[in-house]
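Raw contents of start.pdb, PDB, C-alpha atoms:
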ATOM      1  CA  MET A   1      18.879  -8.978  21.908
ATOM      2  CA  SER A   2      16.894  -5.916  20.862
ATOM      3  CA  LEU A   3      13.671  -4.652  22.399
ATOM      4  CA  TRP A   4      11.837  -5.615  19.202
ATOM      5  CA  GLU A   5      13.061  -9.212  19.471
ATOM      6  CA  LEU A   6      12.175  -9.380  23.168
ATOM      7  CA  ILE A   7       8.634  -8.140  22.499
ATOM      8  CA  ASN A   8       8.132 -10.874  19.904
ATOM      9  CA  LEU A   9       9.565 -13.592  22.124
ATOM     10  CA  SER A  10       7.218 -12.585  24.952
ATOM     11  CA  ARG A  11       4.048 -12.091  22.888
ATOM     12  CA  ASN A  12       2.181 -14.706  24.939
ATOM     13  CA  ARG A  13       3.165 -13.229  28.313
ATOM     14  CA  ASN A  14       1.092 -10.897  30.486
ATOM     15  CA  SER A  15       1.720  -8.165  33.043
ATOM     16  CA  THR A  16      -0.433  -6.593  35.726
ATOM     17  CA  SER A  17       0.095  -3.145  34.250
ATOM     18  CA  PRO A  18       0.088  -2.650  30.459
ATOM     19  CA  HIS A  19       3.081  -0.311  30.944
ATOM     20  CA  ASP A  20       5.216  -3.177  32.180
ATOM     21  CA  ARG A  21       4.824  -5.200  28.987
ATOM     22  CA  ILE A  22       7.393  -2.694  27.685
ATOM     23  CA  TYR A  23       9.123  -1.350  30.785
ATOM     24  CA  ALA A  24       9.980  -4.845  32.074
ATOM     25  CA  LEU A  25      11.876  -5.568  28.874
ATOM     26  CA  LEU A  26      13.919  -2.373  28.683
ATOM     27  CA  GLY A  27      16.537  -3.645  31.130
ATOM     28  CA  LEU A  28      16.898  -6.881  29.160
ATOM     29  CA  ALA A  29      17.462  -5.207  25.794
ATOM     30  CA  GLN A  30      21.178  -5.528  25.032
ATOM     31  CA  SER A  31      21.480  -3.838  21.649
ATOM     32  CA  ALA A  32      20.925  -0.202  20.803
ATOM     33  CA  GLY A  33      17.579   0.565  19.252
ATOM     34  CA  PRO A  34      14.199   2.199  19.799
ATOM     35  CA  SER A  35      13.134   2.749  23.367
ATOM     36  CA  VAL A  36      10.718   4.822  25.430
ATOM     37  CA  PRO A  37      11.156   6.770  28.685
ATOM     38  CA  ILE A  38       9.782   5.133  31.834
ATOM     39  CA  ASP A  39       6.873   7.290  32.928
ATOM     40  CA  TYR A  40       3.830   5.721  34.593
ATOM     41  CA  HIS A  41       1.980   9.028  34.300
ATOM     42  CA  LEU A  42       1.670   8.465  30.554
ATOM     43  CA  SER A  43      -1.234   6.407  29.335
ATOM     44  CA  PRO A  44      -0.513   2.994  27.763
ATOM     45  CA  ALA A  45      -1.875   4.360  24.482
ATOM     46  CA  MET A  46       0.706   7.173  24.499
ATOM     47  CA  ILE A  47       3.548   4.797  25.368
ATOM     48  CA  PHE A  48       2.588   2.281  22.680
ATOM     49  CA  THR A  49       2.224   5.043  20.096
ATOM     50  CA  GLN A  50       5.649   6.497  20.929
ATOM     51  CA  LEU A  51       7.239   3.057  20.706
ATOM     52  CA  THR A  52       5.533   2.275  17.384
ATOM     53  CA  LEU A  53       6.804   5.539  15.906
ATOM     54  CA  ALA A  54      10.305   4.716  17.141
ATOM     55  CA  PHE A  55      10.094   1.266  15.539
ATOM     56  CA  ILE A  56       8.837   2.708  12.230
ATOM     57  CA  ASN A  57      11.805   5.088  12.119
ATOM     58  CA  ASP A  58      14.250   2.277  12.907
ATOM     59  CA  GLN A  59      15.523   0.636   9.688
ATOM     60  CA  SER A  60      15.920  -2.720  11.443
ATOM     61  CA  VAL A  61      12.173  -2.824  12.186
ATOM     62  CA  GLY A  62      10.296  -0.289  10.074
ATOM     63  CA  LEU A  63       6.724  -1.122   9.130
ATOM     64  CA  ASN A  64       7.202  -4.700  10.301
ATOM     65  CA  CYS A  65       5.983  -3.502  13.698
ATOM     66  CA  LEU A  66       2.481  -3.128  12.248
ATOM     67  CA  CYS A  67       2.347  -6.928  12.057
ATOM     68  CA  LEU A  68       1.516  -6.941  15.769
ATOM     69  CA  THR A  69      -1.760  -5.058  15.306
ATOM     70  CA  GLY A  70      -5.005  -6.972  15.628
ATOM     71  CA  ASN A  71      -6.313  -9.274  18.314
ATOM     72  CA  GLY A  72      -4.039 -11.210  20.627
ATOM     73  CA  ILE A  73      -4.755 -14.313  22.670
ATOM     74  CA  GLU A  74      -6.357 -12.394  25.561
ATOM     75  CA  GLU A  75      -9.969 -11.286  25.183
ATOM     76  CA  ASN A  76     -10.262  -8.539  27.779
ATOM     77  CA  ILE A  77      -7.071  -6.476  27.435
ATOM     78  CA  HIS A  78      -8.330  -3.280  25.831
ATOM     79  CA  ILE A  79      -6.271  -0.075  25.659
ATOM     80  CA  PRO A  80      -8.469   3.075  25.497
ATOM     81  CA  ASN A  81      -7.702   5.677  22.807
ATOM     82  CA  LEU A  82      -5.209   3.442  21.014
ATOM     83  CA  PRO A  83      -4.929   4.370  17.299
ATOM     84  CA  SER A  84      -5.904   1.474  15.034
ATOM     85  CA  TRP A  85      -2.421   1.288  13.468
ATOM     86  CA  VAL A  86      -0.628   1.052  16.822
ATOM     87  CA  PRO A  87      -0.107  -2.479  18.188
ATOM     88  CA  ASN A  88      -1.523  -3.261  21.570
ATOM     89  CA  PHE A  89       1.776  -4.423  23.044
ATOM     90  CA  ALA A  90      -0.086  -5.671  26.115
ATOM     91  CA  ASN A  91      -1.945  -8.123  23.874
ATOM     92  CA  PRO A  92      -0.152  -8.159  20.504
ATOM     93  CA  GLY A  93      -1.713  -9.683  17.418
ATOM     94  CA  GLN A  94      -0.871 -13.280  16.576
ATOM     95  CA  ILE A  95      -1.793 -13.580  12.895
ATOM     96  CA  TYR A  96       1.508 -12.672  11.261
ATOM     97  CA  SER A  97       5.066 -13.464  12.211
ATOM     98  CA  PRO A  98       7.077 -10.225  12.185
ATOM     99  CA  THR A  99      10.438 -11.989  12.521
ATOM    100  CA  HIS A 100      10.906 -12.635   8.788
ATOM    101  CA  ALA A 101      11.480  -8.955   7.967
ATOM    102  CA  PHE A 102       9.545  -9.341   4.749
ATOM    103  CA  TYR A 103       6.487  -7.135   5.113
ATOM    104  CA  ASP A 104       8.418  -3.884   5.064
ATOM    105  CA  TRP A 105       9.792  -3.032   1.603
ATOM    106  CA  SER A 106      11.749  -0.045   2.917
ATOM    107  CA  ASP A 107      14.896  -1.128   1.084
ATOM    108  CA  SER A 108      13.151  -1.448  -2.286
ATOM    109  CA  GLU A 109      12.109   1.017  -4.977
ATOM    110  CA  ILE A 110       8.444   0.668  -4.040
ATOM    111  CA  SER A 111       8.792   1.601  -0.373
ATOM    112  CA  PRO A 112       6.128   3.990   0.971
ATOM    113  CA  GLU A 113       6.683   7.363   2.584
ATOM    114  CA  VAL A 114       5.449   7.379   6.176
ATOM    115  CA  VAL A 115       3.795  10.426   7.716
ATOM    116  CA  VAL A 116       1.984  10.605  11.063
ATOM    117  CA  PHE A 117      -0.380  13.520  11.465
ATOM    118  CA  SER A 118      -2.570  13.903  14.545
ATOM    119  CA  GLU A 119      -2.460  10.176  15.373
ATOM    120  CA  THR A 120      -3.226   9.264  11.752
ATOM    121  CA  LEU A 121      -0.728   7.105   9.887
ATOM    122  CA  GLU A 122      -0.388   7.995   6.201
ATOM    123  CA  LEU A 123       1.544   5.804   3.776
ATOM    124  CA  SER A 124       2.271   7.416   0.442
ATOM    125  CA  GLY A 125       3.387   4.597  -1.838
ATOM    126  CA  ILE A 126       2.460   3.383  -5.284
ATOM    127  CA  VAL A 127      -0.614   1.739  -6.728
ATOM    128  CA  CYS A 128       0.176  -1.883  -7.567
ATOM    129  CA  CYS A 129      -3.297  -2.555  -8.942
ATOM    130  CA  GLU A 130      -6.873  -1.429  -8.595
ATOM    131  CA  VAL A 131      -9.918  -3.536  -7.807
ATOM    132  CA  GLU A 132     -12.270  -3.118 -10.740
ATOM    133  CA  LYS A 133     -14.912  -5.628  -9.682
ATOM    134  CA  THR A 134     -15.460  -8.465  -7.266
ATOM    135  CA  HIS A 135     -17.069 -11.843  -7.732
ATOM    136  CA  PRO A 136     -18.847 -14.029  -5.192
ATOM    137  CA  TRP A 137     -17.126 -17.280  -4.295
ATOM    138  CA  ASN A 138     -18.151 -20.009  -6.700
ATOM    139  CA  ASP A 139     -19.266 -23.255  -5.089
ATOM    140  CA  SER A 140     -17.016 -24.987  -7.614
ATOM    141  CA  ILE A 141     -13.493 -24.544  -6.274
ATOM    142  CA  PRO A 142     -11.850 -25.581  -9.585
ATOM    143  CA  GLU A 143     -13.849 -22.976 -11.511
ATOM    144  CA  THR A 144     -13.035 -20.280  -8.962
ATOM    145  CA  PHE A 145      -9.340 -21.091  -9.036
ATOM    146  CA  GLN A 146      -9.387 -21.210 -12.827
ATOM    147  CA  GLY A 147     -10.896 -17.749 -12.885
ATOM    148  CA  TRP A 148      -8.125 -16.408 -10.668
ATOM    149  CA  LEU A 149      -5.414 -17.999 -12.800
ATOM    150  CA  HIS A 150      -6.728 -16.655 -16.087
ATOM    151  CA  MET A 151      -7.336 -13.219 -14.572
ATOM    152  CA  ILE A 152      -3.745 -12.967 -13.304
ATOM    153  CA  LEU A 153      -2.335 -13.946 -16.694
ATOM    154  CA  CYS A 154      -4.235 -11.123 -18.372
ATOM    155  CA  LEU A 155      -2.514  -8.546 -16.155
ATOM    156  CA  GLU A 156       0.576  -6.594 -17.126
ATOM    157  CA  GLN A 157       3.710  -8.758 -17.275
ATOM    158  CA  PRO A 158       5.725  -8.810 -15.111
ATOM    159  CA  HIS A 159       4.152  -7.673 -11.863
ATOM    160  CA  LEU A 160       5.242  -4.263 -10.547
ATOM    161  CA  SER A 161       7.429  -6.049  -8.008
ATOM    162  CA  GLY A 162       9.437  -7.502 -10.907
ATOM    163  CA  LEU A 163       8.184 -11.024 -10.269
ATOM    164  CA  PRO A 164       6.200 -13.100 -12.785
ATOM    165  CA  VAL A 165       2.480 -12.668 -12.153
ATOM    166  CA  VAL A 166       2.017 -16.424 -11.717
ATOM    167  CA  GLN A 167       4.562 -16.405  -8.891
ATOM    168  CA  VAL A 168       2.859 -13.380  -7.330
ATOM    169  CA  LEU A 169      -0.450 -15.268  -7.306
ATOM    170  CA  PHE A 170       1.246 -18.316  -5.789
ATOM    171  CA  ARG A 171       2.868 -16.252  -3.033
ATOM    172  CA  THR A 172      -0.493 -14.625  -2.313
ATOM    173  CA  LEU A 173      -2.350 -17.934  -2.110
ATOM    174  CA  ILE A 174       0.114 -19.437   0.381
ATOM    175  CA  PHE A 175       0.398 -16.218   2.439
ATOM    176  CA  ASP A 176       4.117 -16.327   1.732
ATOM    177  CA  ASP A 177       6.149 -14.385   4.277
ATOM    178  CA  SER A 178       9.464 -16.136   3.779
ATOM    179  CA  GLY A 179      10.971 -13.528   1.488
ATOM    180  CA  PHE A 180      12.709 -16.382  -0.288
ATOM    181  CA  GLY A 181      14.258 -15.168  -3.508
ATOM    182  CA  LEU A 182      13.881 -11.536  -2.468
ATOM    183  CA  GLY A 183      16.956 -11.072  -0.354
ATOM    184  CA  LEU A 184      16.358 -13.753   2.269
ATOM    185  CA  ARG A 185      17.921 -17.145   1.561
ATOM    186  CA  ASP A 186      17.769 -20.118   3.870
ATOM    187  CA  ASP A 187      17.921 -23.849   3.171
ATOM    188  CA  VAL A 188      14.766 -24.558   5.170
ATOM    189  CA  GLN A 189      12.884 -21.719   3.483
ATOM    190  CA  GLU A 190      14.038 -22.915   0.075
ATOM    191  CA  HIS A 191      12.859 -26.476   0.692
ATOM    192  CA  TYR A 192       9.506 -25.289   2.034
ATOM    193  CA  PHE A 193       8.982 -22.720  -0.730
ATOM    194  CA  PHE A 194       9.727 -25.044  -3.632
ATOM    195  CA  GLY A 195       7.758 -27.883  -2.049
ATOM    196  CA  LEU A 196       4.656 -25.698  -2.115
ATOM    197  CA  ALA A 197       5.549 -24.339  -5.559
ATOM    198  CA  PHE A 198       5.795 -27.834  -7.023
ATOM    199  CA  GLY A 199       2.391 -28.634  -5.507
ATOM    200  CA  PHE A 200       1.027 -25.471  -7.134
ATOM    201  CA  LEU A 201       2.240 -26.628 -10.552
ATOM    202  CA  GLU A 202       0.893 -30.119  -9.955
ATOM    203  CA  LEU A 203      -2.499 -28.684  -9.084
ATOM    204  CA  ARG A 204      -2.729 -27.785 -12.739
ATOM    205  CA  SER A 205      -3.079 -31.472 -13.581
ATOM    206  CA  LYS A 206      -6.231 -31.640 -11.492
ATOM    207  CA  LEU A 207      -7.657 -28.541 -13.132
ATOM    208  CA  ALA A 208      -6.684 -29.713 -16.600
ATOM    209  CA  ALA A 209      -8.498 -33.002 -16.047
ATOM    210  CA  TYR A 210     -11.481 -31.091 -14.681
ATOM    211  CA  ASP A 211     -11.574 -28.733 -17.671
ATOM    212  CA  MET A 212     -11.375 -31.465 -20.276
ATOM    213  CA  LYS A 213     -13.503 -34.022 -18.459
ATOM    214  CA  GLY A 214     -10.412 -36.190 -18.556
ATOM    215  CA  LEU A 215      -7.045 -35.754 -20.240
ATOM    216  CA  PRO A 216      -6.230 -37.200 -23.701
ATOM    217  CA  SER A 217      -4.691 -40.656 -23.409
ATOM    218  CA  THR A 218      -3.171 -41.388 -26.827
ATOM    219  CA  PRO A 219      -0.743 -39.422 -29.031
ATOM    220  CA  GLN A 220      -3.520 -39.014 -31.604
ATOM    221  CA  GLU A 221      -5.905 -37.534 -29.025
ATOM    222  CA  TRP A 222      -3.154 -35.211 -27.778
ATOM    223  CA  THR A 223      -2.394 -34.102 -31.319
ATOM    224  CA  GLU A 224      -6.046 -33.334 -32.013
ATOM    225  CA  PHE A 225      -6.443 -31.420 -28.766
ATOM    226  CA  LEU A 226      -3.200 -29.415 -29.003
ATOM    227  CA  GLY A 227      -3.831 -28.558 -32.653
ATOM    228  CA  THR A 228      -6.016 -25.687 -31.460
ATOM    229  CA  TYR A 229      -3.072 -24.027 -29.720
ATOM    230  CA  LEU A 230       0.214 -25.243 -31.254
ATOM    231  CA  ASP A 231       1.743 -25.865 -34.629
ATOM    232  CA  PRO A 232       2.774 -29.447 -35.560
ATOM    233  CA  MET A 233       6.402 -29.014 -34.459
ATOM    234  CA  GLU A 234       5.387 -27.566 -31.080
ATOM    235  CA  ILE A 235       2.960 -30.452 -30.592
ATOM    236  CA  THR A 236       5.778 -32.908 -31.193
ATOM    237  CA  HIS A 237       7.961 -31.104 -28.635
ATOM    238  CA  TYR A 238       5.205 -31.133 -26.017
ATOM    239  CA  ILE A 239       4.346 -34.823 -26.463
ATOM    240  CA  GLY A 240       8.046 -35.705 -26.254
ATOM    241  CA  LEU A 241       8.763 -33.371 -23.321
ATOM    242  CA  GLU A 242      10.839 -35.168 -20.701
ATOM    243  CA  ALA A 243       9.739 -33.479 -17.484
ATOM    244  CA  PRO A 244       7.941 -34.336 -14.238
ATOM    245  CA  PHE A 245       4.179 -34.568 -14.505
ATOM    246  CA  ALA A 246       3.708 -31.340 -12.563
ATOM    247  CA  VAL A 247       5.785 -29.402 -15.095
ATOM    248  CA  ARG A 248       3.908 -30.984 -18.011
ATOM    249  CA  ALA A 249       0.583 -30.072 -16.384
ATOM    250  CA  PHE A 250       1.771 -26.502 -15.807
ATOM    251  CA  ALA A 251       2.869 -26.324 -19.444
ATOM    252  CA  LEU A 252      -0.525 -27.556 -20.592
ATOM    253  CA  TRP A 253      -2.236 -24.809 -18.655
ATOM    254  CA  LEU A 254       0.140 -22.185 -20.083
ATOM    255  CA  ILE A 255      -0.524 -23.462 -23.607
ATOM    256  CA  THR A 256      -4.284 -23.111 -23.188
ATOM    257  CA  SER A 257      -4.017 -19.784 -21.319
ATOM    258  CA  PRO A 258      -3.471 -16.204 -22.580
ATOM    259  CA  ILE A 259       0.311 -16.822 -22.404
ATOM    260  CA  LYS A 260       2.086 -17.989 -25.567
ATOM    261  CA  LEU A 261       5.219 -19.946 -24.681
ATOM    262  CA  LYS A 262       8.330 -18.844 -26.533
ATOM    263  CA  LYS A 263       9.453 -22.444 -26.848
ATOM    264  CA  ILE A 264       8.285 -25.808 -25.562
ATOM    265  CA  SER A 265      11.104 -26.666 -23.171
ATOM    266  CA  VAL A 266      11.451 -27.221 -19.438
ATOM    267  CA  ARG A 267      13.441 -23.980 -19.080
ATOM    268  CA  THR A 268      10.924 -21.739 -20.844
ATOM    269  CA  ILE A 269       8.025 -23.400 -19.034
ATOM    270  CA  LEU A 270       9.525 -22.815 -15.598
ATOM    271  CA  GLU A 271      10.504 -19.252 -16.532
ATOM    272  CA  GLU A 272       6.817 -18.353 -16.429
ATOM    273  CA  PHE A 273       6.954 -19.104 -12.706
ATOM    274  CA  CYS A 274      10.605 -18.450 -11.794
ATOM    275  CA  GLY A 275      11.234 -15.490 -14.091
ATOM    276  CA  PRO A 276      13.726 -15.092 -16.973
ATOM    277  CA  SER A 277      17.100 -16.659 -16.272
ATOM    278  CA  ASP A 278      18.846 -13.319 -16.914
ATOM    279  CA  SER A 279      16.675 -11.498 -14.356
ATOM    280  CA  SER A 280      18.116 -10.528 -10.975
ATOM    281  CA  SER A 281      14.978 -11.873  -9.275
ATOM    282  CA  SER A 282      14.980 -15.210 -11.107
ATOM    283  CA  LEU A 283      14.628 -18.301  -8.933
ATOM    284  CA  ASN A 284      16.800 -21.325  -9.579
ATOM    285  CA  TRP A 285      14.556 -24.359  -9.455
ATOM    286  CA  PRO A 286      16.185 -27.246  -7.559
ATOM    287  CA  ASP A 287      16.774 -30.695  -9.043
ATOM    288  CA  LEU A 288      13.480 -31.909 -10.487
ATOM    289  CA  ASP A 289      14.369 -35.619 -10.477
TER
END
Before we go any further, please render this structure as structure tokens.
Amino acid sequence: MSLWELINLSRNRNSTSPHDRIYALLGLAQSAGPSVPIDYHLSPAMIFTQLTLAFINDQSVGLNCLCLTGNGIEENIHIPNLPSWVPNFANPGQIYSPTHAFYDWSDSEISPEVVVFSETLELSGIVCCEVEKTHPWNDSIPETFQGWLHMILCLEQPHLSGLPVVQVLFRTLIFDDSGFGLGLRDDVQEHYFFGLAFGFLELRSKLAAYDMKGLPSTPQEWTEFLGTYLDPMEITHYIGLEAPFAVRAFALWLITSPIKLKKISVRTILEEFCGPSDSSSSLNWPDLD
């Protein structure tokens, strides 16, 4: 087991000396990897900074080590002169799980260049997007969520990561750290990911009903409503679409959104979330029955 794995397994443990939160684990580390010299004359801040730099330069850890920054479970373990980007290994942060190896995109085309100059960490990467304006939270959750959805659809397609923008929004909303579909594949992750994804699509039914003050109930009402967005043949395909309610609700939102579906079919509807079937990053939706 590596030093990085041992640190994560012992995040909730304490030591009398901050030094020993690292030194006590060195003898247990079985695999080769980053380490630090044992020297109690060095300040904890210097030791933690050296170890963080070693982790950043190790491909098996990289920038994932920054996930341990922030406040830990102890309130009074403060390390003087510790740079803000260096984890306090005596009281590591608890917000993110660094074991998924998903936060660091060092093996992708959009990985940042890392430079440390005079205790300042500089990441030279790419601009994914820029914040043009912010809006206060609307007391109406449906209206706020609607605003987010329509805003994301107006952005450049696909997202710079290569994923559909709708999927990017979904991953952001659920704080997705699984990496599912992006190199990491696991049956449990797949079940969890698509369970949440299906709920995301089904949420559209609630918003659709909210927008329309109730959904049309008869074929004639559906025809009149959809006539604003679709031609007669497309209306027929939508009304006759054999798909779970969540997919139909998602399709209804897409029809009334800035996106124009290429064809009214289950495959083309789900492509707006999963990506084109011929894309290397496309997700294969499990059985919908």
* Distance query Leu66 of chain A at most 8 Å, all atoms listed in the file, self and fewer than 6 positions along chain excluded, as an MDAnalysis selection string -> chainID A and resid 85:87
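Taking atom CA of Pro258 of chain A and atom CA of Tyr229 of chain A as the two end points, the separation is 10.6 Å.
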Translate the PyMOL selection byres ((chain A and resi 120) around 12) into a concrete residue list for this structure, as a PDB file with C-alpha atoms, in the frame of the given file.
ATOM      1  CA  THR A  49       2.224   5.043  20.096  1.00  0.00           C
ATOM      2  CA  LEU A  53       6.804   5.539  15.906  1.00  0.00           C
ATOM      3  CA  LEU A  82      -5.209   3.442  21.014  1.00  0.00           C
ATOM      4  CA  PRO A  83      -4.929   4.370  17.299  1.00  0.00           C
ATOM      5  CA  SER A  84      -5.904   1.474  15.034  1.00  0.00           C
ATOM      6  CA  TRP A  85      -2.421   1.288  13.468  1.00  0.00           C
ATOM      7  CA  VAL A  86      -0.628   1.052  16.822  1.00  0.00           C
ATOM      8  CA  VAL A 114       5.449   7.379   6.176  1.00  0.00           C
ATOM      9  CA  VAL A 115       3.795  10.426   7.716  1.00  0.00           C
ATOM     10  CA  VAL A 116       1.984  10.605  11.063  1.00  0.00           C
ATOM     11  CA  PHE A 117      -0.380  13.520  11.465  1.00  0.00           C
ATOM     12  CA  SER A 118      -2.570  13.903  14.545  1.00  0.00           C
ATOM     13  CA  GLU A 119      -2.460  10.176  15.373  1.00  0.00           C
ATOM     14  CA  LEU A 121      -0.728   7.105   9.887  1.00  0.00           C
ATOM     15  CA  GLU A 122      -0.388   7.995   6.201  1.00  0.00           C
ATOM     16  CA  LEU A 123       1.544   5.804   3.776  1.00  0.00           C
TER      17      LEU A 123
END
* Selection: 10 Å around segment 55-57 of chain A, only C-alpha atoms, excl. self and same-chain fewer than 6 positions, as a PyMOL selection string -> chain A and resi 3-4+33-35+49+63-66+104+114
Please, what is the axis-aligned box for every listed atom of segment 83-88 of chain A with 8 Å on each side, as centre and edge lengths in Å to one decimal, as lines of an AutoDock Vina configuration file?
center_x = -3.0
center_y = 0.6
center_z = 17.5
size_x = 21.8
size_y = 23.6
size_z = 24.1
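Atom CA of Thr16 of chain A sits 24.3 Å away from atom CA of Ala54 of chain A.
Residues matched by the PyMOL selection byres ((chain A and resi 235) around 10) in this file: Pro219, Trp222, Thr223, Glu224, Phe225, Leu226, Gly227, Tyr229, Leu230, Asp231, Pro232, Met233, Glu234, Thr236, His237, Tyr238, Ile239, Gly240, Leu241 and Ile264 of chain A.
Candidate residues A:Met46, A:Ser282, A:Pro92, A:Thr228 were compared for distance to Leu9 of chain A, and the nearest is A:Pro92, using all atoms listed in the file.
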